[in-house]
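Participant: Here you go, this is upload07.cif (mmCIF, C-alpha atoms).
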```cif
data_coords
#
loop_
_atom_site.label_atom_id
_atom_site.label_comp_id
_atom_site.auth_asym_id
_atom_site.auth_seq_id
_atom_site.Cartn_x
_atom_site.Cartn_y
_atom_site.Cartn_z
CA MET A 1 153.47 79.08 49.09
CA GLN A 2 152.68 82.15 46.99
CA GLY A 3 149.43 80.64 45.74
CA THR A 4 148.30 79.63 49.24
CA MET A 5 149.02 83.06 50.73
CA SER A 6 147.30 84.77 47.81
CA ALA A 7 144.14 82.67 48.34
CA VAL A 8 144.13 83.13 52.12
CA THR A 9 144.59 86.89 51.80
CA ALA A 10 141.81 87.13 49.22
CA VAL A 11 139.42 85.39 51.63
CA VAL A 12 140.46 87.65 54.55
CA LEU A 13 140.12 90.86 52.53
CA GLY A 14 136.82 89.71 51.06
CA ALA A 15 135.37 88.96 54.50
CA PHE A 16 136.59 92.32 55.80
CA ALA A 17 135.05 94.16 52.83
CA LEU A 18 131.69 92.42 53.34
CA TYR A 19 131.72 93.29 57.05
CA VAL A 20 132.49 96.96 56.36
CA LEU A 21 129.77 97.11 53.70
CA ALA A 22 127.21 95.62 56.10
CA PHE A 23 128.35 98.00 58.85
CA VAL A 24 128.10 101.10 56.66
CA SER A 25 124.72 100.07 55.25
CA GLY A 26 123.35 99.50 58.75
CA SER A 27 122.64 95.80 58.16
CA ILE A 28 124.64 94.89 61.26
CA GLU A 29 125.62 96.72 64.43
CA GLY A 30 129.39 96.80 64.08
CA ASN A 31 132.20 97.76 66.40
CA PHE A 32 134.55 100.05 64.51
CA ALA A 33 137.14 100.07 67.30
CA LEU A 34 137.31 96.27 67.21
CA VAL A 35 137.53 96.22 63.40
CA LEU A 36 140.35 98.76 63.46
CA MET A 37 142.25 96.79 66.11
CA LEU A 38 141.88 93.55 64.12
CA ALA A 39 142.97 95.30 60.92
CA THR A 40 146.04 96.62 62.73
CA ALA A 41 146.88 93.17 64.13
CA ILE A 42 146.40 91.36 60.80
CA THR A 43 148.31 93.85 58.66
CA GLY A 44 150.99 93.98 61.37
CA ALA A 45 151.40 90.20 61.17
CA TYR A 46 151.81 90.44 57.39
CA TRP A 47 154.28 93.31 57.84
CA LEU A 48 156.41 91.25 60.23
CA ALA A 49 156.23 88.23 57.92
CA GLU A 50 157.33 90.45 55.04
CA LYS A 51 160.30 91.88 56.95
CA LEU A 52 161.43 88.60 58.51
CA PHE A 53 160.54 85.98 55.88
CA PHE A 54 159.16 87.00 52.49
CA LEU A 55 161.50 89.93 51.71
CA PRO A 56 164.67 87.99 52.69
CA ARG A 57 163.50 85.10 50.46
CA ARG A 58 162.93 87.43 47.51
CA ARG A 59 166.31 89.07 48.05
CA ALA A 60 168.01 85.70 48.21
CA ALA A 61 166.29 84.59 44.99
CA ALA A 62 167.26 87.86 43.29
CA GLN A 63 170.88 87.53 44.44
CA LYS A 64 170.98 83.92 43.25
CA LEU A 65 169.75 85.07 39.83
CA VAL A 66 172.46 87.76 39.66
CA ASP A 67 175.16 85.32 40.77
CA GLU A 68 174.10 82.75 38.17
CA HIS A 69 174.02 85.43 35.47
CA ASN A 70 177.47 86.70 36.45
CA ALA A 71 178.88 83.14 36.48
CA ARG A 72 177.38 82.45 33.05
CA ALA A 73 178.71 85.75 31.69
CA ALA A 74 182.19 85.01 33.04
CA ALA A 75 182.17 81.56 31.43
CA LEU A 76 181.09 83.02 28.08
CA ARG A 77 183.77 85.73 28.23
CA ALA A 78 186.32 83.04 28.92
CA GLN A 79 185.22 81.38 25.68
CA GLY A 80 185.72 84.62 23.78
CA PHE A 81 182.16 85.97 23.72
CA THR A 82 182.02 89.73 24.26
CA HIS A 83 178.27 90.30 23.93
CA ILE A 84 176.13 88.74 26.69
CA GLU A 85 172.40 88.74 26.06
CA GLY A 86 169.74 89.06 28.77
CA ASP A 87 168.61 91.91 31.05
CA VAL A 88 169.28 90.54 34.51
CA GLU A 89 168.30 93.81 36.23
CA GLN A 90 164.73 93.67 34.95
CA SER A 91 164.38 90.06 36.11
CA ARG A 92 165.90 91.00 39.47
CA GLN A 93 163.36 93.80 40.01
CA LYS A 94 160.50 91.40 39.22
CA LEU A 95 161.73 88.97 41.86
CA LEU A 96 162.04 91.79 44.46
CA ALA A 97 158.58 93.24 43.78
CA GLN A 98 155.92 92.70 46.45
CA PRO A 99 153.01 90.48 45.37
CA TRP A 100 149.55 92.07 45.49
CA TRP A 101 148.57 90.33 48.72
CA LEU A 102 151.49 91.96 50.56
CA ASP A 103 150.80 95.36 48.97
CA TRP A 104 147.27 95.26 50.41
CA THR A 105 148.33 94.08 53.87
CA ALA A 106 151.91 94.78 54.90
CA GLY A 107 151.98 97.86 52.66
CA LEU A 108 148.97 99.36 54.48
CA PHE A 109 150.17 98.55 58.00
CA PRO A 110 151.95 101.89 58.72
CA VAL A 111 148.86 103.89 57.72
CA ILE A 112 146.44 101.66 59.65
CA LEU A 113 148.73 101.71 62.70
CA ALA A 114 148.86 105.53 62.63
CA VAL A 115 145.05 105.74 62.42
CA PHE A 116 144.69 103.18 65.22
CA VAL A 117 147.03 105.07 67.57
CA LEU A 118 145.53 108.47 66.71
CA ARG A 119 141.92 107.33 67.14
CA SER A 120 142.47 105.12 70.17
CA PHE A 121 144.71 107.33 72.29
CA LEU A 122 144.68 110.91 70.97
CA PHE A 123 141.71 112.26 68.99
CA GLU A 124 138.60 110.66 67.52
CA PRO A 125 136.23 112.30 65.02
CA PHE A 126 132.53 112.23 65.88
CA LYS A 127 129.48 113.38 63.94
CA ILE A 128 126.58 115.06 65.75
CA PRO A 129 123.55 112.93 64.77
CA SER A 130 120.73 114.78 66.56
CA GLY A 131 119.68 118.16 67.92
CA SER A 132 120.03 117.32 71.63
CA MET A 133 123.01 119.68 72.04
CA ILE A 134 121.57 122.66 70.13
CA PRO A 135 122.55 125.52 70.26
CA THR A 136 126.10 124.49 71.28
CA LEU A 137 126.36 121.77 68.63
CA ARG A 138 124.24 121.45 65.50
CA VAL A 139 123.20 118.44 63.44
CA GLY A 140 125.98 117.75 60.94
CA ASP A 141 128.81 119.19 63.03
CA LEU A 142 131.94 117.06 62.76
CA ILE A 143 133.78 117.36 66.06
CA LEU A 144 137.02 116.18 67.61
CA VAL A 145 137.04 114.23 70.87
CA ASN A 146 140.11 114.34 73.11
CA LYS A 147 140.67 110.68 74.04
CA TYR A 148 143.42 111.24 76.64
CA HIS A 149 141.90 114.16 78.58
CA TYR A 150 140.23 111.85 81.11
CA GLY A 151 143.01 109.26 80.97
CA ILE A 152 144.43 106.69 78.56
CA ARG A 153 142.16 103.69 77.97
CA LEU A 154 142.68 100.43 76.16
CA PRO A 155 140.80 100.39 72.85
CA VAL A 156 137.76 98.10 72.60
CA PHE A 157 137.89 97.19 76.32
CA ASN A 158 137.83 100.88 77.42
CA THR A 159 139.85 99.98 80.55
CA LYS A 160 141.73 102.97 81.96
CA ILE A 161 145.48 102.34 82.24
CA ILE A 162 146.72 105.90 82.86
CA SER A 163 144.76 108.54 84.81
CA ASN A 164 144.58 112.19 83.77
CA ASN A 165 141.94 114.87 84.42
CA GLU A 166 138.68 114.18 86.20
CA PRO A 167 135.43 115.28 84.49
CA ARG A 168 134.26 118.77 85.45
CA ARG A 169 130.79 120.25 85.50
CA GLY A 170 130.23 121.92 82.16
CA ASP A 171 132.38 119.49 80.13
CA VAL A 172 130.90 118.26 76.86
CA MET A 173 131.52 114.53 77.06
CA VAL A 174 131.26 111.64 74.62
CA PHE A 175 130.41 108.36 76.34
CA ARG A 176 129.05 104.90 75.73
CA TYR A 177 125.27 104.96 76.06
CA PRO A 178 124.60 102.90 79.22
CA PRO A 179 121.53 100.98 77.94
CA GLN A 180 123.40 100.11 74.70
CA PRO A 181 127.20 100.55 75.09
CA SER A 182 127.87 99.98 71.38
CA LEU A 183 126.44 103.47 70.76
CA ASP A 184 128.28 106.72 71.49
CA TYR A 185 126.32 109.65 72.96
CA ILE A 186 127.30 113.25 73.63
CA LYS A 187 125.93 115.42 76.47
CA ARG A 188 127.10 117.98 79.02
CA VAL A 189 128.27 117.00 82.51
CA VAL A 190 126.11 118.71 85.15
CA GLY A 191 126.54 116.37 88.12
CA LEU A 192 129.65 114.77 89.64
CA PRO A 193 129.80 111.79 92.02
CA GLY A 194 128.03 112.71 95.27
CA ASP A 195 126.20 115.73 93.80
CA GLU A 196 122.48 116.24 94.20
CA VAL A 197 121.18 117.36 90.82
CA ALA A 198 117.67 118.82 90.58
CA TYR A 199 115.83 119.78 87.42
CA LEU A 200 112.54 121.20 88.65
CA ASN A 201 110.23 123.45 86.65
CA LYS A 202 112.97 123.60 84.02
CA GLN A 203 115.49 125.14 86.44
CA LEU A 204 118.76 123.28 87.04
CA SER A 205 120.18 123.21 90.56
CA VAL A 206 123.30 121.48 91.88
CA ASN A 207 123.61 120.72 95.59
CA GLY A 208 120.68 122.98 96.36
CA VAL A 209 122.09 125.99 94.49
CA PRO A 210 120.24 127.11 91.31
CA VAL A 211 122.55 127.36 88.30
CA PRO A 212 122.63 131.06 87.30
CA ARG A 213 121.00 131.73 83.97
CA GLU A 214 120.45 134.78 81.81
CA SER A 215 117.52 135.10 79.43
CA LEU A 216 118.55 135.69 75.80
CA PRO A 217 116.57 136.38 72.58
CA GLU A 218 114.61 133.38 71.32
CA PHE A 219 116.44 130.82 69.23
CA PHE A 220 115.05 129.78 65.85
CA ASP A 221 115.71 126.15 64.94
CA GLY A 222 115.75 125.91 61.17
CA ASP A 223 115.34 122.12 61.20
CA SER A 224 112.15 122.07 63.27
CA MET A 225 111.06 125.55 62.11
CA ARG A 226 110.27 126.51 65.72
CA TYR A 227 111.36 129.13 68.22
CA ALA A 228 112.64 128.16 71.67
CA SER A 229 113.49 130.11 74.81
CA GLN A 230 117.24 130.59 75.03
CA TYR A 231 119.35 131.04 78.16
CA ALA A 232 123.00 131.48 79.07
CA GLU A 233 123.79 129.25 82.04
CA THR A 234 126.95 129.40 84.14
CA ILE A 235 128.17 126.39 86.07
CA ASP A 236 131.50 126.46 87.94
CA GLY A 237 132.42 129.61 86.03
CA ARG A 238 131.75 128.05 82.62
CA ARG A 239 129.13 129.72 80.45
CA PHE A 240 127.08 127.90 77.81
CA LEU A 241 123.73 128.27 76.03
CA THR A 242 120.63 126.15 76.59
CA LEU A 243 117.14 125.95 75.10
CA ASN A 244 113.69 125.36 76.61
CA ASP A 245 110.41 124.61 74.86
CA SER A 246 107.63 126.41 76.74
CA ASP A 247 105.04 124.01 75.28
CA ARG A 248 106.65 120.97 76.95
CA PRO A 249 105.64 120.01 80.51
CA SER A 250 108.15 119.91 83.37
CA PHE A 251 107.65 116.25 84.27
CA ILE A 252 109.94 113.62 82.72
CA PRO A 253 107.94 111.10 80.62
CA GLY A 254 109.12 107.72 79.37
CA THR A 255 111.84 106.97 81.93
CA ILE A 256 113.28 103.44 82.08
CA GLU A 257 114.57 101.24 84.87
CA PHE A 258 118.29 101.86 85.39
CA PRO A 259 120.96 101.14 88.03
CA PHE A 260 120.61 103.37 91.13
CA ARG A 261 117.18 104.58 90.05
CA ASP A 262 116.29 104.62 93.74
CA GLN A 263 118.61 107.65 94.00
CA CYS A 264 116.14 109.68 91.91
CA ARG A 265 112.77 111.19 92.87
CA TYR A 266 110.37 111.98 90.03
CA SER A 267 107.43 114.36 90.28
CA VAL A 268 105.26 116.57 88.08
CA GLU A 269 107.88 119.29 88.57
CA GLY A 270 110.78 117.23 87.25
CA VAL A 271 113.46 115.08 88.94
CA VAL A 272 115.98 115.18 91.79
CA CYS A 273 118.89 112.69 91.75
CA ARG A 274 121.82 111.92 94.03
CA VAL A 275 124.73 110.92 91.76
CA PRO A 276 126.34 107.63 92.89
CA GLN A 277 130.09 107.32 93.35
CA GLY A 278 131.88 106.51 90.10
CA HIS A 279 129.01 107.93 88.02
CA TYR A 280 128.03 111.20 86.34
CA PHE A 281 124.78 113.01 85.52
CA LEU A 282 124.65 114.42 81.98
CA MET A 283 122.07 116.53 80.14
CA GLY A 284 121.68 117.90 76.64
CA ASP A 285 121.73 121.67 76.13
CA ASN A 286 118.46 121.38 74.19
CA ARG A 287 116.71 120.54 77.46
CA ASP A 288 113.26 119.58 76.15
CA ASN A 289 114.62 117.63 73.19
CA SER A 290 117.27 115.46 74.81
CA LEU A 291 117.15 111.88 76.09
CA ASP A 292 119.73 112.05 78.85
CA SER A 293 120.39 111.06 82.47
CA ARG A 294 116.89 112.21 83.42
CA TYR A 295 115.48 109.35 81.33
CA TRP A 296 118.03 106.51 81.36
CA GLY A 297 120.19 107.21 84.39
CA PHE A 298 123.80 107.79 85.31
CA VAL A 299 126.94 107.37 83.19
CA PRO A 300 129.51 105.04 84.79
CA GLU A 301 133.13 106.17 84.74
CA ALA A 302 133.98 103.09 82.67
CA ASN A 303 131.72 104.36 79.84
CA ILE A 304 133.64 107.62 79.29
CA VAL A 305 135.12 108.01 75.80
CA GLY A 306 136.53 111.55 75.88
CA ARG A 307 135.95 115.30 76.00
CA ALA A 308 134.57 117.03 72.92
CA PHE A 309 136.15 120.41 72.24
CA PHE A 310 136.31 121.44 68.56
CA VAL A 311 134.14 121.52 65.41
CA TRP A 312 136.50 120.70 62.58
CA MET A 313 133.91 120.72 59.78
CA ASN A 314 130.26 121.32 58.94
CA PHE A 315 129.71 120.99 55.21
CA GLY A 316 126.48 122.97 55.40
CA ASP A 317 127.94 125.87 57.41
CA LEU A 318 131.69 126.47 57.32
CA GLY A 319 131.26 129.21 59.92
CA ARG A 320 130.69 126.47 62.50
CA ILE A 321 134.38 125.48 62.42
CA GLY A 322 136.18 126.30 65.66
CA SER A 323 136.18 125.70 69.40
CA PHE A 324 132.77 125.68 71.15
CA GLU A 325 134.10 126.06 74.68
#
```
Give the structure from this file in structure tokens form.

Facilitator:
Amino acid sequence: MQGTMSAVTAVVLGAFALYVLAFVSGSIEGNFALVLMLATAITGAYWLAEKLFFLPRRRAAAQKLVDEHNARAAALRAQGFTHIEGDVEQSRQKLLAQPWWLDWTAGLFPVILAVFVLRSFLFEPFKIPSGSMIPTLRVGDLILVNKYHYGIRLPVFNTKIISNNEPRRGDVMVFRYPPQPSLDYIKRVVGLPGDEVAYLNKQLSVNGVPVPRESLPEFFDGDSMRYASQYAETIDGRRFLTLNDSDRPSFIPGTIEFPFRDQCRYSVEGVVCRVPQGHYFLMGDNRDNSLDSRYWGFVPEANIVGRAFFVWMNFGDLGRIGSFE
């Protein structure tokens, strides 16, 4: 039994290690949520087997050893022997010790379960991979995403089981990229279901009302070594900074076919879209350097991951740590 379980566990852990290595190296497009759920289920099965089967067997074997030792010692004392050789306690501890294959499965279950619950239902870390949200978020920012703000969802399936807050204009949202749901994107919500969102001549309007904006000193992007026009926009009472590149045209190049594309009108001035029910219109704060709803369409409610709210680390600039709302 011990040998079989040891071999099976070695194969399982080896396959898991190879998968993680391929995922980290980029050789395959993995699903971390699925891997974490499977790891929780597998280690949980080992943990139950340890509590209900393996540990009781080891305890029974250890008790049998002690009983046999005590019986032998009593028989020897009855024959007049006063010194009984043998360290039964050391042998007992060896019998009670977990084998390596339980240490690496059942022993890790509480930690993996805590990570699974925390990441799936409470907070998930996310790294900003591009400059589409500059100046609000910079490349290299490590942020926290509130997973329950918009409701509790089943991990992997992303099915909402408990409702909470509805998205608001101005929220910074992490979501599954509609053309490729295995990827997570981050943008700002500017249009709710039923809204008419217009981005014409680089001016954002919602339901026919231009979003107020205040011109600020130019922003210097150290990564691209370029200056950009900077504005403070206010939407539904929420103020945030945006950038525009005066050298970029107003029209939206390179759009793709997407669901409800007939709800959008493109022109040399930009785009006007009516947001379908159950969908949202999102844009990056770095307006001329962001692939967002203007290019690939609306974000379905089912694709929502959570609301981003806090930079918990940036190894290149510790001053970035803090709330960005």

Participant: Quick one, how far is atom CA of A:Gln90 from atom CA of A:Arg77?

Facilitator: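 It comes out at 21.7 Å.
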
Participant: Every residue with an atom at most 12 Å from (131.3, 117.5, 76.4) (file coordinates; only C-alpha atoms) is what I'm after, so could you write them as a VMD selection string?

Facilitator: chain A and resid 126 128 133 136 to 137 143 to 147 149 to 150 167 to 175 185 to 190 240 282 to 285 304 to 310 323 to 325

Participant: Write the selection just made, keeping C-alpha atoms, as a short mmCIF file (atom, residue, chain, number, x, y, z; two decimals), keeping the file's coordinate frame?

Facilitator:
```cif
data_model
loop_
_atom_site.label_atom_id
_atom_site.label_comp_id
_atom_site.auth_asym_id
_atom_site.auth_seq_id
_atom_site.Cartn_x
_atom_site.Cartn_y
_atom_site.Cartn_z
CA PHE A 126 132.53 112.23 65.88
CA ILE A 128 126.58 115.06 65.75
CA MET A 133 123.01 119.68 72.04
CA THR A 136 126.10 124.49 71.28
CA LEU A 137 126.36 121.77 68.63
CA ILE A 143 133.78 117.36 66.06
CA LEU A 144 137.02 116.18 67.61
CA VAL A 145 137.04 114.23 70.87
CA ASN A 146 140.11 114.34 73.11
CA LYS A 147 140.67 110.68 74.04
CA HIS A 149 141.90 114.16 78.58
CA TYR A 150 140.23 111.85 81.11
CA PRO A 167 135.43 115.28 84.49
CA ARG A 168 134.26 118.77 85.45
CA ARG A 169 130.79 120.25 85.50
CA GLY A 170 130.23 121.92 82.16
CA ASP A 171 132.38 119.49 80.13
CA VAL A 172 130.90 118.26 76.86
CA MET A 173 131.52 114.53 77.06
CA VAL A 174 131.26 111.64 74.62
CA PHE A 175 130.41 108.36 76.34
CA TYR A 185 126.32 109.65 72.96
CA ILE A 186 127.30 113.25 73.63
CA LYS A 187 125.93 115.42 76.47
CA ARG A 188 127.10 117.98 79.02
CA VAL A 189 128.27 117.00 82.51
CA VAL A 190 126.11 118.71 85.15
CA PHE A 240 127.08 127.90 77.81
CA LEU A 282 124.65 114.42 81.98
CA MET A 283 122.07 116.53 80.14
CA GLY A 284 121.68 117.90 76.64
CA ASP A 285 121.73 121.67 76.13
CA ILE A 304 133.64 107.62 79.29
CA VAL A 305 135.12 108.01 75.80
CA GLY A 306 136.53 111.55 75.88
CA ARG A 307 135.95 115.30 76.00
CA ALA A 308 134.57 117.03 72.92
CA PHE A 309 136.15 120.41 72.24
CA PHE A 310 136.31 121.44 68.56
CA SER A 323 136.18 125.70 69.40
CA PHE A 324 132.77 125.68 71.15
CA GLU A 325 134.10 126.06 74.68
#
```

Participant: For the structure provided, state which residues fall under the PyMOL selection byres ((chain A and resi 108-113) around 8), and present them as a list in words.

Facilitator: Leu36, Ala39, Thr40, Thr43, Gly44, Trp47, Asp103, Trp104, Thr105, Ala106, Gly107, Ala114, Val115, Phe116 and Val117 of chain A

Participant: In Å to one decimal, how far is atom CA of A:Glu218 from atom CA of A:Asp247?

Facilitator: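 Computed distance, atom CA of A:Asp247 to atom CA of A:Glu218, equals 14.0 Å.
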
Participant: Taking the file as I've supplied it (selection: the PyMOL selection byres ((chain A and resi 53-70) around 10)), which residues are included? Please answer as a PyMOL selection string.

Facilitator: chain A and resi 2+46-52+71-76+84+86-89+91-98+102

Participant: Give as a list in words the set of residues within 9 Å of the point (119.0, 100.3, 78.2), where distances use the file's coordinates and all atoms listed in the file.

Facilitator: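 Within the cut-off we find Tyr177, Pro178, Pro179, Gln180, Pro181, Ile256, Glu257, Phe258 and Trp296 of chain A.
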
Participant: Set the distance at 10 Å and use only C-alpha atoms: which residues neighbour A:Ile134 once local chain neighbours fewer than 5 positions away are removed? I'd like the list as a VMD selection string.

Facilitator: chain A and resid 139 219 221 241 to 243 284 to 287 289 to 290

Participant: Might you pull out every residue within 12 Å of A:Pro259, with all atoms listed in the file counted and same-chain residues fewer than 4 positions away left off, and present them as number ranges by chain?

Facilitator: A: 178-179, 263-264, 275-276, 279, 293, 295-300

Participant: Between atom CA of A:Ser130 and atom CA of A:Leu291, what is the spacing in Å?

Facilitator: 10.6 Å

Participant: Could you tell me which of A:Lys127, A:Arg248, A:Lys160, A:Arg294 comes closest to A:Val271 if we count only C-alpha atoms?

Facilitator: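 Smallest separation from A:Val271 among the options: A:Arg294.
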
Participant: Find, counting all atoms listed in the file, the residue in A:Leu118, A:Asp141, A:Glu124, A:Ala302 that gets nearest to A:Leu318.

Facilitator: A:Asp141

Participant: Choose the residue, out of A:Leu183, A:Thr159, A:Tyr266, A:Arg138, that has the smallest atom-to-atom separation from A:Gly319; count all atoms listed in the file.

Facilitator: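 Once distances to A:Gly319 are computed over all atoms listed in the file, the minimum belongs to A:Arg138.
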
Participant: Would you list the contacts of A:Pro212 as a list in words, taking every protein, DNA or RNA residue within 8 Å and counting only C-alpha atoms, but skipping same-chain residues closer than 3 positions in sequence?

Facilitator: Glu233, Thr234 and Ile235 of chain A

Participant: Excluding A:Ile152 and any residue of its chain fewer than 5 positions from it, enumerate the residues within 9 Å of it, using all atoms listed in the file, and give them as a list in words.

Facilitator: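 Residues near the query, excluding close chain neighbours: Ser120, Phe121, Leu122, Lys147, Asn158, Thr159, Lys160, Ile161, Ile162, Ser163 and Asn164 of chain A.
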
Participant: Using all atoms listed in the file, pick whichever of A:Gly151, A:Asp184, A:Val206, A:Arg239 has the shortest atom-to-atom distance to A:Pro129.

Facilitator: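 Counting all atoms listed in the file, the residue closest to A:Pro129 is A:Asp184.
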
Participant: Selected by the PyMOL selection byres ((chain A and resi 208) around 8) in the shown coordinates: which residues, as a list in words?

Facilitator: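 Expected selection for the PyMOL selection byres ((chain A and resi 208) around 8) here is Glu196, Val197, Ala198, Ser205, Val206, Asn207, Val209 and Pro210 of chain A.
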
Participant: Would you place a box with edges along x, y and z of the file around all atoms of stretch 196-206 of chain A listed there, add 6 Å to each of its six sides, and report the centre and edge lengths in Å to one decimal, as lines of an AutoDock Vina configuration file?

Facilitator:
```
center_x = 116.8
center_y = 120.7
center_z = 89.1
size_x = 25.1
size_y = 20.9
size_z = 22.2
```
